[in-house]
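Source file: coords-v6.cif; contents: mmCIF, C-alpha atoms and all ligand atoms.
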data_input
#
loop_
_atom_site.label_atom_id
_atom_site.label_comp_id
_atom_site.auth_asym_id
_atom_site.auth_seq_id
_atom_site.Cartn_x
_atom_site.Cartn_y
_atom_site.Cartn_z
CA MET T 1 -78.24 -142.27 -77.62
CA VAL T 2 -81.96 -141.79 -78.35
CA GLY T 3 -81.99 -138.96 -75.81
CA PHE T 4 -79.05 -137.30 -77.56
CA VAL T 5 -80.72 -137.51 -80.99
CA LEU T 6 -83.99 -136.13 -79.62
CA THR T 7 -82.18 -133.26 -77.88
CA VAL T 8 -80.38 -132.31 -81.10
CA TRP T 9 -83.61 -132.47 -83.13
CA LEU T 10 -85.47 -130.43 -80.57
CA ASP T 11 -82.66 -127.86 -80.67
CA GLY T 12 -83.00 -127.74 -84.46
CA PHE T 13 -86.76 -127.23 -84.19
CA LEU T 14 -86.70 -124.64 -81.44
CA THR T 15 -83.70 -122.50 -82.43
CA ARG T 16 -84.92 -119.76 -84.75
CA LEU T 17 -82.31 -117.77 -86.64
CA PRO T 18 -82.96 -114.10 -87.38
CA SER T 19 -84.49 -113.22 -90.74
CA LEU T 20 -81.93 -112.43 -93.44
CA ALA T 21 -83.45 -109.05 -94.27
CA GLY T 22 -80.97 -106.51 -92.92
CA ALA T 23 -80.74 -102.77 -93.55
CA PRO T 24 -77.94 -102.24 -96.09
CA ALA T 25 -76.04 -98.97 -96.32
CA ARG T 26 -76.13 -97.02 -99.58
CA GLY T 27 -74.10 -98.95 -102.15
CA GLU T 28 -73.83 -102.09 -99.97
CA ARG T 29 -74.41 -105.11 -102.22
CA VAL T 30 -74.64 -108.56 -100.70
CA GLY T 31 -73.64 -111.55 -102.78
CA VAL T 32 -71.90 -114.88 -102.93
CA ILE T 33 -68.59 -115.65 -104.64
CA HIS T 34 -67.45 -119.10 -105.82
CA VAL T 35 -70.48 -121.01 -107.04
CA HIS T 36 -70.59 -124.16 -109.17
CA THR T 37 -73.45 -124.99 -111.53
CA ASN T 38 -74.17 -128.25 -113.31
CA ALA T 39 -71.69 -127.14 -115.97
CA SER T 40 -69.09 -128.59 -113.54
CA CYS T 41 -69.56 -130.20 -110.10
CA GLY T 42 -72.78 -128.38 -109.13
CA SER T 43 -76.28 -129.81 -109.25
CA GLY T 44 -78.24 -126.72 -110.36
CA THR T 45 -78.63 -124.94 -113.68
CA LEU T 46 -77.61 -121.30 -113.83
CA SER T 47 -81.28 -120.24 -113.68
CA GLN T 48 -81.94 -122.44 -110.63
CA VAL T 49 -78.86 -121.06 -108.90
CA ILE T 50 -79.95 -117.47 -109.57
CA ALA T 51 -83.44 -118.26 -108.29
CA ALA T 52 -81.94 -119.61 -105.02
CA ALA T 53 -79.76 -116.49 -104.75
CA LYS T 54 -82.82 -114.24 -105.06
CA GLU T 55 -84.65 -116.27 -102.43
CA ALA T 56 -81.66 -115.65 -100.15
CA ASP T 57 -81.98 -111.91 -100.84
CA LEU T 58 -78.65 -111.66 -102.70
CA SER T 59 -77.98 -109.03 -105.33
CA PHE T 60 -75.05 -110.70 -107.10
CA LEU T 61 -73.32 -114.04 -107.65
CA ALA T 62 -69.86 -114.92 -108.96
CA ILE T 63 -70.14 -118.19 -110.90
CA THR T 64 -66.91 -120.19 -111.00
CA ASP T 65 -67.19 -123.58 -112.68
CA HIS T 66 -64.08 -125.72 -112.97
CA ASN T 67 -61.90 -124.77 -115.93
CA LEU T 68 -64.68 -123.28 -117.99
CA THR T 69 -66.54 -120.01 -118.25
CA LEU T 70 -70.13 -119.45 -119.14
CA SER T 71 -70.80 -118.06 -122.56
CA ASP T 72 -71.93 -114.45 -122.75
CA ALA T 73 -75.19 -115.75 -124.24
CA GLU T 74 -75.83 -118.10 -121.28
CA VAL T 75 -75.31 -115.30 -118.77
CA ALA T 76 -77.49 -112.95 -120.77
CA ALA T 77 -80.24 -115.57 -121.01
CA ALA T 78 -80.23 -116.38 -117.30
CA ASP T 79 -79.40 -112.91 -116.03
CA PRO T 80 -82.28 -110.59 -115.45
CA PRO T 81 -81.03 -107.00 -115.61
CA GLU T 82 -81.47 -106.23 -111.90
CA PHE T 83 -79.34 -109.20 -110.77
CA ALA T 84 -75.57 -109.04 -111.34
CA VAL T 85 -73.74 -112.19 -112.46
CA ILE T 86 -69.95 -112.04 -112.33
CA ASP T 87 -68.70 -114.59 -114.81
CA GLY T 88 -65.64 -116.44 -113.57
CA GLU T 89 -63.81 -119.72 -113.60
CA GLU T 90 -62.15 -121.90 -110.97
CA VAL T 91 -58.82 -122.65 -112.53
CA SER T 92 -56.95 -125.88 -111.63
CA THR T 93 -53.19 -125.51 -111.53
CA ALA T 94 -50.30 -127.67 -110.36
CA SER T 95 -50.18 -125.47 -107.21
CA GLY T 96 -53.89 -125.50 -106.29
CA HIS T 97 -57.06 -123.76 -107.41
CA TYR T 98 -57.71 -120.08 -108.03
CA LEU T 99 -60.73 -118.06 -109.08
CA ALA T 100 -60.45 -115.94 -112.21
CA LEU T 101 -63.33 -113.48 -111.87
CA GLY T 102 -64.65 -111.32 -114.70
CA VAL T 103 -63.70 -113.56 -117.57
CA SER T 104 -66.30 -114.71 -120.04
CA ASP T 105 -65.52 -117.24 -122.75
CA SER T 106 -64.96 -114.42 -125.18
CA ARG T 107 -62.24 -112.88 -123.00
CA TRP T 108 -60.00 -115.73 -121.84
CA ILE T 109 -59.46 -119.42 -122.56
CA ARG T 110 -57.18 -121.20 -120.11
CA GLY T 111 -55.35 -123.48 -122.54
CA PRO T 112 -53.74 -126.82 -121.75
CA GLY T 113 -50.97 -125.97 -119.22
CA TYR T 114 -51.09 -126.29 -115.40
CA ASP T 115 -48.33 -123.89 -114.40
CA ALA T 116 -49.87 -121.63 -111.76
CA ARG T 117 -47.78 -118.54 -112.48
CA ALA T 118 -48.33 -118.73 -116.24
CA LEU T 119 -52.10 -119.17 -115.78
CA LEU T 120 -52.39 -116.35 -113.21
CA ALA T 121 -50.44 -113.99 -115.47
CA SER T 122 -52.45 -114.96 -118.54
CA SER T 123 -55.91 -114.60 -116.98
CA ARG T 124 -54.89 -111.30 -115.38
CA ALA T 125 -53.58 -110.01 -118.71
CA HIS T 126 -57.07 -110.72 -120.09
CA GLY T 127 -58.76 -108.66 -117.41
CA ALA T 128 -59.42 -111.29 -114.71
CA VAL T 129 -59.39 -110.50 -111.02
CA ASN T 130 -57.57 -113.48 -109.47
CA PHE T 131 -58.29 -114.94 -106.02
CA ILE T 132 -56.47 -117.93 -104.49
CA ALA T 133 -59.20 -120.46 -103.57
CA HIS T 134 -59.35 -122.48 -100.31
CA PRO T 135 -55.60 -121.98 -99.64
CA TYR T 136 -55.75 -124.28 -96.58
CA GLY T 137 -58.46 -126.72 -97.65
CA LEU T 138 -57.89 -130.39 -96.88
CA ARG T 139 -57.64 -130.94 -100.60
CA ASP T 140 -56.03 -128.78 -103.28
CA ARG T 141 -54.20 -126.46 -100.87
CA TRP T 142 -52.36 -123.58 -102.47
CA SER T 143 -48.63 -124.28 -102.55
CA ASP T 144 -47.03 -121.47 -104.55
CA TRP T 145 -46.90 -118.40 -102.32
CA GLY T 146 -44.14 -116.94 -104.48
CA ALA T 147 -46.70 -116.30 -107.22
CA GLN T 148 -47.56 -112.61 -107.58
CA ASP T 149 -50.35 -112.22 -110.12
CA TYR T 150 -53.32 -112.40 -107.80
CA ASP T 151 -55.50 -109.76 -106.16
CA GLY T 152 -56.69 -111.58 -103.08
CA ILE T 153 -57.34 -114.82 -101.25
CA GLU T 154 -60.32 -116.69 -99.87
CA ILE T 155 -60.29 -116.40 -96.10
CA PHE T 156 -63.49 -118.32 -95.44
CA ASN T 157 -64.52 -121.13 -97.77
CA ASP T 158 -67.67 -122.96 -96.61
CA ASP T 159 -66.57 -126.21 -98.16
CA ALA T 160 -63.11 -126.11 -96.54
CA ILE T 161 -64.36 -124.80 -93.18
CA TRP T 162 -66.83 -127.59 -92.36
CA ARG T 163 -64.12 -130.18 -92.75
CA LYS T 164 -62.29 -128.61 -89.78
CA ASN T 165 -64.96 -129.96 -87.41
CA LYS T 166 -64.79 -133.02 -85.17
CA ILE T 167 -66.95 -136.02 -86.08
CA ILE T 168 -69.35 -135.23 -83.22
CA ASP T 169 -69.99 -131.70 -84.57
CA ILE T 170 -70.56 -133.08 -88.06
CA ALA T 171 -72.99 -135.66 -86.62
CA ILE T 172 -74.92 -132.90 -84.81
CA ALA T 173 -75.09 -130.82 -87.99
CA ALA T 174 -76.26 -133.84 -90.01
CA LEU T 175 -79.06 -134.47 -87.49
CA ILE T 176 -80.13 -130.80 -87.52
CA TYR T 177 -79.98 -130.36 -91.31
CA PRO T 178 -83.37 -131.97 -92.15
CA VAL T 179 -85.20 -129.75 -89.64
CA ASN T 180 -83.12 -126.55 -89.84
CA SER T 181 -80.62 -126.44 -92.71
CA ARG T 182 -79.29 -122.94 -91.97
CA LEU T 183 -78.59 -123.79 -88.34
CA ALA T 184 -76.86 -127.01 -89.39
CA LEU T 185 -74.39 -125.12 -91.59
CA LEU T 186 -73.93 -122.45 -88.92
CA ARG T 187 -72.94 -125.14 -86.39
CA LEU T 188 -70.02 -126.03 -88.68
CA ALA T 189 -68.66 -122.48 -89.04
CA ARG T 190 -65.11 -122.21 -87.65
CA THR T 191 -62.59 -119.38 -87.53
CA PRO T 192 -60.07 -119.84 -90.36
CA ASN T 193 -57.00 -119.06 -88.26
CA GLU T 194 -54.43 -120.27 -90.80
CA ASN T 195 -56.02 -118.12 -93.50
CA PHE T 196 -56.05 -115.03 -91.28
CA ALA T 197 -52.38 -115.56 -90.36
CA LYS T 198 -51.40 -115.94 -94.02
CA TRP T 199 -53.45 -112.89 -94.98
CA ASP T 200 -51.65 -110.74 -92.39
CA GLU T 201 -48.31 -112.03 -93.64
CA LEU T 202 -49.19 -111.17 -97.28
CA LEU T 203 -50.56 -107.76 -96.27
CA ALA T 204 -47.14 -106.87 -94.87
CA GLU T 205 -45.94 -106.90 -98.50
CA ARG T 206 -48.83 -105.34 -100.44
CA PRO T 207 -52.61 -104.86 -100.39
CA VAL T 208 -54.41 -108.21 -100.74
CA ALA T 209 -58.21 -108.41 -100.74
CA GLY T 210 -59.87 -110.98 -98.48
CA ILE T 211 -63.18 -112.62 -99.34
CA CYS T 212 -65.41 -115.46 -98.33
CA GLY T 213 -66.02 -118.01 -101.04
CA SER T 214 -68.95 -120.35 -100.72
CA ASP T 215 -67.83 -123.16 -102.98
CA ALA T 216 -71.56 -123.87 -103.30
CA HIS T 217 -72.38 -126.87 -105.44
CA ALA T 218 -75.37 -128.53 -103.75
CA ASN T 219 -73.93 -131.90 -104.59
CA LEU T 220 -72.57 -134.59 -102.33
CA LEU T 221 -70.14 -136.54 -104.47
CA PHE T 222 -68.77 -139.97 -103.77
CA ASP T 223 -66.12 -141.05 -106.23
CA ARG T 224 -67.59 -138.60 -108.76
CA PHE T 225 -71.14 -139.95 -108.36
CA SER T 226 -73.74 -137.62 -106.92
CA ILE T 227 -75.34 -139.10 -103.77
CA ALA T 228 -77.49 -136.13 -102.77
CA HIS T 229 -78.13 -132.51 -103.69
CA PHE T 230 -76.75 -131.35 -100.37
CA PRO T 231 -76.28 -128.83 -98.85
CA SER T 232 -78.80 -126.85 -100.89
CA TYR T 233 -77.82 -123.66 -102.70
CA LEU T 234 -80.35 -121.76 -100.59
CA SER T 235 -78.83 -122.90 -97.28
CA VAL T 236 -75.29 -122.11 -98.45
CA PHE T 237 -76.35 -118.71 -99.83
CA SER T 238 -77.83 -117.94 -96.41
CA LEU T 239 -74.60 -118.62 -94.50
CA ALA T 240 -71.53 -116.51 -95.36
CA ARG T 241 -71.89 -113.63 -97.80
CA GLN T 242 -69.68 -110.90 -99.18
CA HIS T 243 -70.93 -107.37 -98.47
CA VAL T 244 -69.49 -105.18 -101.21
CA LEU T 245 -69.34 -101.43 -100.64
CA VAL T 246 -69.71 -99.93 -104.11
CA PRO T 247 -68.23 -96.43 -104.01
CA ASP T 248 -70.47 -93.47 -104.64
CA VAL T 249 -69.44 -91.94 -107.95
CA ALA T 250 -71.13 -88.73 -109.05
CA GLY T 251 -74.00 -89.38 -111.42
CA GLN T 252 -74.24 -93.13 -110.69
CA ASP T 253 -76.50 -95.03 -108.33
CA PRO T 254 -74.29 -97.56 -106.46
CA ASP T 255 -77.38 -99.61 -105.60
CA LYS T 256 -77.80 -100.30 -109.32
CA ALA T 257 -74.14 -101.17 -109.95
CA GLY T 258 -73.55 -103.94 -112.47
CA ALA T 259 -71.14 -106.89 -112.35
CA ASP T 260 -68.11 -104.82 -113.44
CA GLU T 261 -68.51 -102.16 -110.74
CA ILE T 262 -69.13 -104.79 -108.05
CA LEU T 263 -66.06 -106.75 -109.14
CA GLU T 264 -63.91 -103.60 -109.14
CA ALA T 265 -64.94 -102.97 -105.51
CA ILE T 266 -64.17 -106.60 -104.57
CA LYS T 267 -60.74 -106.27 -106.17
CA SER T 268 -60.04 -103.06 -104.24
CA GLY T 269 -61.01 -104.69 -100.94
CA ASN T 270 -64.04 -102.42 -100.53
CA SER T 271 -65.96 -105.16 -98.76
CA PHE T 272 -66.43 -107.30 -95.70
CA CYS T 273 -67.58 -110.87 -95.26
CA ALA T 274 -70.31 -111.83 -92.82
CA VAL T 275 -71.81 -115.06 -91.56
CA ASP T 276 -75.28 -113.55 -91.89
CA ALA T 277 -76.93 -116.70 -90.57
CA LEU T 278 -75.84 -115.54 -87.08
CA ALA T 279 -77.37 -112.10 -87.60
CA PRO T 280 -77.71 -109.93 -90.71
CA ALA T 281 -74.60 -107.75 -90.89
CA GLU T 282 -75.89 -105.11 -93.28
CA GLY T 283 -74.85 -101.66 -92.11
CA PHE T 284 -71.61 -102.77 -90.42
CA THR T 285 -69.05 -99.98 -90.60
CA GLN T 286 -65.28 -99.80 -90.19
CA THR T 287 -63.75 -96.39 -90.92
CA VAL T 288 -60.69 -94.36 -90.03
CA SER T 289 -61.39 -90.66 -89.93
CA SER T 290 -59.60 -87.43 -89.22
CA ALA T 291 -60.98 -83.89 -89.21
CA THR T 292 -60.70 -83.74 -92.98
CA ALA T 293 -60.86 -87.28 -94.41
CA SER T 294 -62.38 -90.69 -93.93
CA ALA T 295 -61.52 -94.15 -95.30
CA GLY T 296 -63.32 -97.49 -95.28
CA PRO T 297 -62.27 -101.10 -96.00
CA GLY T 298 -59.69 -101.33 -98.79
CA ASN T 299 -59.01 -97.60 -98.79
CA THR T 300 -55.88 -95.63 -97.97
CA ILE T 301 -55.62 -92.58 -95.74
CA PRO T 302 -52.47 -90.66 -94.76
CA TRP T 303 -51.56 -90.78 -91.06
CA ARG T 304 -52.40 -87.71 -88.98
CA GLU T 305 -52.34 -87.21 -85.22
CA GLY T 306 -55.81 -87.65 -83.75
CA GLU T 307 -57.18 -90.16 -86.26
CA VAL T 308 -59.84 -92.48 -84.90
CA LEU T 309 -60.97 -95.95 -85.97
CA HIS T 310 -64.76 -96.34 -85.72
CA VAL T 311 -66.28 -99.80 -85.77
CA LYS T 312 -69.99 -100.41 -85.45
CA VAL T 313 -71.89 -103.67 -85.79
CA PRO T 314 -75.65 -103.75 -86.44
CA SER T 315 -77.62 -103.96 -83.23
CA VAL T 316 -78.27 -107.55 -82.21
CA ALA T 317 -79.99 -109.19 -79.27
CA ASN T 318 -76.79 -110.71 -77.90
CA SER T 319 -73.57 -108.87 -77.34
CA ALA T 320 -70.78 -109.03 -79.87
CA VAL T 321 -67.03 -109.10 -79.45
CA ILE T 322 -65.09 -106.70 -81.68
CA ARG T 323 -61.43 -107.37 -82.26
CA VAL T 324 -59.07 -104.82 -83.87
CA LEU T 325 -55.76 -105.78 -85.46
CA ARG T 326 -52.93 -103.46 -86.46
CA ASP T 327 -50.44 -105.11 -88.83
CA GLY T 328 -51.77 -108.51 -87.79
CA ARG T 329 -51.46 -107.91 -84.03
CA GLU T 330 -54.47 -107.50 -81.79
CA ILE T 331 -54.64 -104.01 -80.26
CA ALA T 332 -58.19 -104.11 -78.90
CA ARG T 333 -60.86 -106.66 -77.97
CA GLN T 334 -64.13 -105.54 -76.43
CA GLU T 335 -67.59 -106.94 -75.84
CA THR T 336 -69.52 -104.07 -77.42
CA GLN T 337 -71.56 -103.01 -80.44
CA SER T 338 -69.44 -99.98 -81.32
CA LEU T 339 -65.95 -98.82 -80.65
CA ASP T 340 -64.00 -95.57 -81.20
CA LEU T 341 -60.30 -96.19 -80.99
CA PRO T 342 -57.71 -93.42 -81.35
CA ILE T 343 -55.13 -95.06 -83.57
CA PRO T 344 -51.50 -95.08 -82.53
CA GLY T 345 -49.87 -94.57 -85.95
CA PRO T 346 -49.61 -95.81 -89.53
CA GLY T 347 -50.44 -99.43 -90.28
CA ARG T 348 -53.04 -101.79 -91.65
CA TYR T 349 -56.14 -101.81 -89.49
CA ARG T 350 -58.71 -104.57 -89.82
CA THR T 351 -61.46 -105.85 -87.58
CA GLU T 352 -63.24 -109.08 -86.77
CA ALA T 353 -66.53 -109.47 -84.90
CA TYR T 354 -67.85 -112.55 -83.10
CA LEU T 355 -71.26 -113.68 -81.82
CA ARG T 356 -72.21 -116.68 -79.74
CA GLN T 357 -73.84 -119.71 -81.40
CA PRO T 358 -77.60 -119.73 -80.78
CA GLY T 359 -79.45 -122.70 -79.27
CA LEU T 360 -78.29 -125.51 -77.05
CA THR T 361 -76.02 -127.71 -79.17
CA GLY T 362 -73.81 -124.81 -80.29
CA TRP T 363 -72.49 -124.67 -76.71
CA ARG T 364 -72.65 -120.83 -76.94
CA ARG T 365 -69.35 -120.95 -78.79
CA TRP T 366 -68.04 -117.56 -79.98
CA THR T 367 -68.31 -117.76 -83.76
CA LEU T 368 -66.78 -115.56 -86.43
CA TRP T 369 -69.51 -113.19 -87.61
CA ILE T 370 -67.75 -110.46 -89.62
CA PHE T 371 -64.29 -109.79 -90.98
CA ALA T 372 -63.48 -106.66 -92.92
CA ASN T 373 -60.73 -105.76 -95.34
CA PRO T 374 -58.05 -103.50 -93.85
CA ILE T 375 -57.83 -99.74 -94.00
CA TYR T 376 -54.33 -98.70 -95.01
CA VAL T 377 -53.04 -95.79 -92.92
CA THR T 378 -49.87 -94.66 -94.66
CA ARG T 379 -46.93 -92.61 -93.57
ZN ZN T 401 -61.47 -125.82 -105.60
ZN ZN T 402 -64.96 -124.73 -106.04
#
Starting from the file, lay out its structure as structure tokens.
Amino acid sequence: MVGFVLTVWLDGFLTRLPSLAGAPARGERVGVIHVHTNASCGSGTLSQVIAAAKEADLSFLAITDHNLTLSDAEVAAADPPEFAVIDGEEVSTASGHYLALGVSDSRWIRGPGYDARALLASSRAHGAVNFIAHPYGLRDRWSDWGAQDYDGIEIFNDDAIWRKNKIIDIAIAALIYPVNSRLALLRLARTPNENFAKWDELLAERPVAGICGSDAHANLLFDRFSIAHFPSYLSVFSLARQHVLVPDVAGQDPDKAGADEILEAIKSGNSFCAVDALAPAEGFTQTVSSATASAGPGNTIPWREGEVLHVKVPSVANSAVIRVLRDGREIARQETQSLDLPIPGPGRYRTEAYLRQPGLTGWRRWTLWIFANPIYVTR
């Protein structure tokens, strides 16, 4: 037992994760969606949360407290101009939770009801971008898949994912946390297979954006009492992050895009999620191109003979596995850093990339590193 504990600690001490500073493409904005402050179940003030986000090298946050929005004045007071804050709300309904993004208190008030469809329709009518939250979490699973008024779903939710681990993995992570908090959270990262399967099923009907939501609250609650401010905002902000690809519009600098432009790109699926704690994923590309046109995540391109899917992951010390899916079915899986695949016809093409866990107590397990929104190749 003592030997086991010492081995795990030593692993935590000796395993160094790569620095978070990647090389983003033009218009690539890295941020975290689904964050709670002390206005609901979080432990930090808005200013503290923004400070942690900056320390983690983020350029935006989507704040989603339970059933309340920040006031415009609060965001303005805590929001320095170069950091984008998307004001949102995590809305409780009788069918589960969803995120209404882009609603400030002046734009939408949820009212007393709990009917999911009525709430989704009402927030959307007031300009919200709606995302189903933790659809397969242990608690508050989403139950109304007949609802229509949403733009996307959370595929990876840090707070739902860690609960999918066995007790032994949670014990290892708890031992590592005091000496290496980022590694501890990384050890708990699992592939959200149910979420991916549901996403592919929904995509057969219409475009649905996929995101990772952090559900960061830096608060360990027991029967509504806070036991510890754990895991910290900084460690959660350093784990899974949304890389938003703000389109280049003439006359505008996408690297200076504000909350509205970033949210529009999230809604359109112009983004990918990455577990950057494994390796910074800035610069990842997934495009379909022909002689005359090119499309990235979330975009549509008409089918033409000779079109090629290009996938490239940033160069990393260890090899990566790239997996390509057409309409939810795997059509390629290669251990490589880039791939050029002539595509066989119209369909929805999306990719996933995997890296091995670093260190000893991760057992070199292949771990989800990147998943991108699909490119829609239409007839
Ligand atoms: Zn929730
Ligand atoms: Zn939440």
Please identify every residue of chain T that has at least one atom no farther than 12 Å from an atom of ligand ZN 402 (chain T), counting only C-alpha atoms and all ligand atoms, and for each give the shortest atom pair and the distance in Å to one decimal, arranged by chain then increasing number, as JSON lines.
{"residue": "T:Ile33", "atom": "CA", "partner": "T:ZN402", "partner_atom": "ZN", "distance": 9.9}
{"residue": "T:His34", "atom": "CA", "partner": "T:ZN402", "partner_atom": "ZN", "distance": 6.2}
{"residue": "T:Val35", "atom": "CA", "partner": "T:ZN402", "partner_atom": "ZN", "distance": 6.7}
{"residue": "T:His36", "atom": "CA", "partner": "T:ZN402", "partner_atom": "ZN", "distance": 6.5}
{"residue": "T:Thr37", "atom": "CA", "partner": "T:ZN402", "partner_atom": "ZN", "distance": 10.1}
{"residue": "T:Ser40", "atom": "CA", "partner": "T:ZN402", "partner_atom": "ZN", "distance": 9.4}
{"residue": "T:Cys41", "atom": "CA", "partner": "T:ZN402", "partner_atom": "ZN", "distance": 8.2}
{"residue": "T:Gly42", "atom": "CA", "partner": "T:ZN402", "partner_atom": "ZN", "distance": 9.2}
{"residue": "T:Ala62", "atom": "CA", "partner": "T:ZN402", "partner_atom": "ZN", "distance": 11.3}
{"residue": "T:Ile63", "atom": "CA", "partner": "T:ZN402", "partner_atom": "ZN", "distance": 9.7}
{"residue": "T:Thr64", "atom": "CA", "partner": "T:ZN402", "partner_atom": "ZN", "distance": 7.0}
{"residue": "T:Asp65", "atom": "CA", "partner": "T:ZN402", "partner_atom": "ZN", "distance": 7.1}
{"residue": "T:His66", "atom": "CA", "partner": "T:ZN402", "partner_atom": "ZN", "distance": 7.1}
{"residue": "T:Asn67", "atom": "CA", "partner": "T:ZN402", "partner_atom": "ZN", "distance": 10.4}
{"residue": "T:Gly88", "atom": "CA", "partner": "T:ZN402", "partner_atom": "ZN", "distance": 11.2}
{"residue": "T:Glu89", "atom": "CA", "partner": "T:ZN402", "partner_atom": "ZN", "distance": 9.1}
{"residue": "T:Glu90", "atom": "CA", "partner": "T:ZN402", "partner_atom": "ZN", "distance": 6.3}
{"residue": "T:Val91", "atom": "CA", "partner": "T:ZN402", "partner_atom": "ZN", "distance": 9.2}
{"residue": "T:Ser92", "atom": "CA", "partner": "T:ZN402", "partner_atom": "ZN", "distance": 9.8}
{"residue": "T:Gly96", "atom": "CA", "partner": "T:ZN402", "partner_atom": "ZN", "distance": 11.1}
{"residue": "T:His97", "atom": "CA", "partner": "T:ZN402", "partner_atom": "ZN", "distance": 8.1}
{"residue": "T:Tyr98", "atom": "CA", "partner": "T:ZN402", "partner_atom": "ZN", "distance": 8.8}
{"residue": "T:Leu99", "atom": "CA", "partner": "T:ZN402", "partner_atom": "ZN", "distance": 8.5}
{"residue": "T:Ala100", "atom": "CA", "partner": "T:ZN402", "partner_atom": "ZN", "distance": 11.6}
{"residue": "T:Phe131", "atom": "CA", "partner": "T:ZN402", "partner_atom": "ZN", "distance": 11.8}
{"residue": "T:Ile132", "atom": "CA", "partner": "T:ZN402", "partner_atom": "ZN", "distance": 11.0}
{"residue": "T:Ala133", "atom": "CA", "partner": "T:ZN402", "partner_atom": "ZN", "distance": 7.6}
{"residue": "T:His134", "atom": "CA", "partner": "T:ZN402", "partner_atom": "ZN", "distance": 8.3}
{"residue": "T:Pro135", "atom": "CA", "partner": "T:ZN402", "partner_atom": "ZN", "distance": 11.7}
{"residue": "T:Gly137", "atom": "CA", "partner": "T:ZN402", "partner_atom": "ZN", "distance": 10.8}
{"residue": "T:Arg139", "atom": "CA", "partner": "T:ZN402", "partner_atom": "ZN", "distance": 11.0}
{"residue": "T:Asp140", "atom": "CA", "partner": "T:ZN402", "partner_atom": "ZN", "distance": 10.2}
{"residue": "T:Glu154", "atom": "CA", "partner": "T:ZN402", "partner_atom": "ZN", "distance": 11.1}
{"residue": "T:Asn157", "atom": "CA", "partner": "T:ZN402", "partner_atom": "ZN", "distance": 9.0}
{"residue": "T:Asp158", "atom": "CA", "partner": "T:ZN402", "partner_atom": "ZN", "distance": 10.0}
{"residue": "T:Asp159", "atom": "CA", "partner": "T:ZN402", "partner_atom": "ZN", "distance": 8.2}
{"residue": "T:Ala160", "atom": "CA", "partner": "T:ZN402", "partner_atom": "ZN", "distance": 9.8}
{"residue": "T:Gly213", "atom": "CA", "partner": "T:ZN402", "partner_atom": "ZN", "distance": 8.4}
{"residue": "T:Ser214", "atom": "CA", "partner": "T:ZN402", "partner_atom": "ZN", "distance": 8.0}
{"residue": "T:Asp215", "atom": "CA", "partner": "T:ZN402", "partner_atom": "ZN", "distance": 4.5}
{"residue": "T:Ala216", "atom": "CA", "partner": "T:ZN402", "partner_atom": "ZN", "distance": 7.2}
{"residue": "T:His217", "atom": "CA", "partner": "T:ZN402", "partner_atom": "ZN", "distance": 7.7}
{"residue": "T:Ala218", "atom": "CA", "partner": "T:ZN402", "partner_atom": "ZN", "distance": 11.3}
{"residue": "T:Asn219", "atom": "CA", "partner": "T:ZN402", "partner_atom": "ZN", "distance": 11.6}
Notebook entry, point to check: Given the choices T:Leu61, T:Leu360, T:Leu120, T:Ala257, which gets closest to Val75 (chain T) if the distance is worked out from only C-alpha atoms?
Noted result: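 Of T:Leu61, T:Leu360, T:Leu120, T:Ala257, the one nearest Val75 (chain T), counting only C-alpha atoms, is T:Leu61.
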Next item on the list: For CA of Leu58 (chain T) and CA of Ser238 (chain T), determine how far apart the two atoms are, in Å to one decimal place.
Entry: 8.9 Å
Quick one: 3 Å padding each side, axis-aligned, all listed atoms of region 141-158 of chain T - centre and edge lengths in Å to one decimal, as AutoDock Vina command-line options?
--center_x -55.9 --center_y -118.1 --center_z -102.8 --size_x 29.5 --size_y 22.7 --size_z 20.7
Item checked: Nearest candidate to ligand ZN 401 (chain T) (options T:Phe371, T:Phe83, T:Tyr136, T:Trp303; using all atoms listed in the file) -> T:Tyr136
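The smallest atom-to-atom distance between ligand ZN 401 (chain T) and any of T:Thr361, T:Thr93, T:Gln148, T:Thr7, using all atoms listed in the file, is found for T:Thr93.
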Checklist line | Point-to-point distance from CA of Thr336 (chain T) to CA of Val288 (chain T), Å rounded to tenths | finding: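 Computing the Euclidean distance for CA of Thr336 (chain T) and CA of Val288 (chain T) yields 18.2 Å.
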Next item on the list: Return the single residue from T:Ala147, T:Leu119, T:Leu245, T:Ile161 that is closest to Gly27 (chain T), with distances computed using only C-alpha atoms.
Entry: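 Checking each candidate against Gly27 (chain T), we get T:Leu245 as the closest.
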Next item on the list: Go through T:Ile176, T:Glu261, T:Gly111, T:Val311 and flag the residue nearest Val5 (chain T), using all atoms listed in the file for the distances.
Entry: T:Ile176
Checklist line | Which residue of T:His243, T:Arg323, T:Lys166, T:Arg190 approaches Glu28 (chain T) most closely, using all atoms listed in the file | finding: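 Selected residue with least distance to Glu28 (chain T): T:His243.
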Margin query: I'd like the neighbourhood of Leu183 (chain T) as a ChimeraX atom specification, where a residue qualifies if any of its atoms comes within 8 Å (using all atoms listed in the file), though same-chain residues fewer than 4 positions away should be ignored.
Written below: /T:12,15,17,173,176-177,187,277
Margin query: Please list as number ranges by chain every residue within 9 Å of Ala52 (chain T), counting all atoms listed in the file and excluding residues in the same chain fewer than 6 positions away.
Written below: T: 58, 232-235, 237
Check: Leaving out Phe60 (chain T) and any residue of its chain fewer than 4 positions from it, which residues lie within 12 Å of it when counting all atoms listed in the file, given as a PyMOL selection string?
Finding: chain T and resi 28-35+49-54+56+79-87+237+241-244+255-263+266
Next item on the list: Please work out which residues fall within 10 Å of (-65.5, -105.0, -94.6), coordinates as given in the file, with only C-alpha atoms counting, and return them as a ChimeraX atom specification.
Entry: /T:210-211,242-245,269-274,284-287,296-298,350-352,370-375
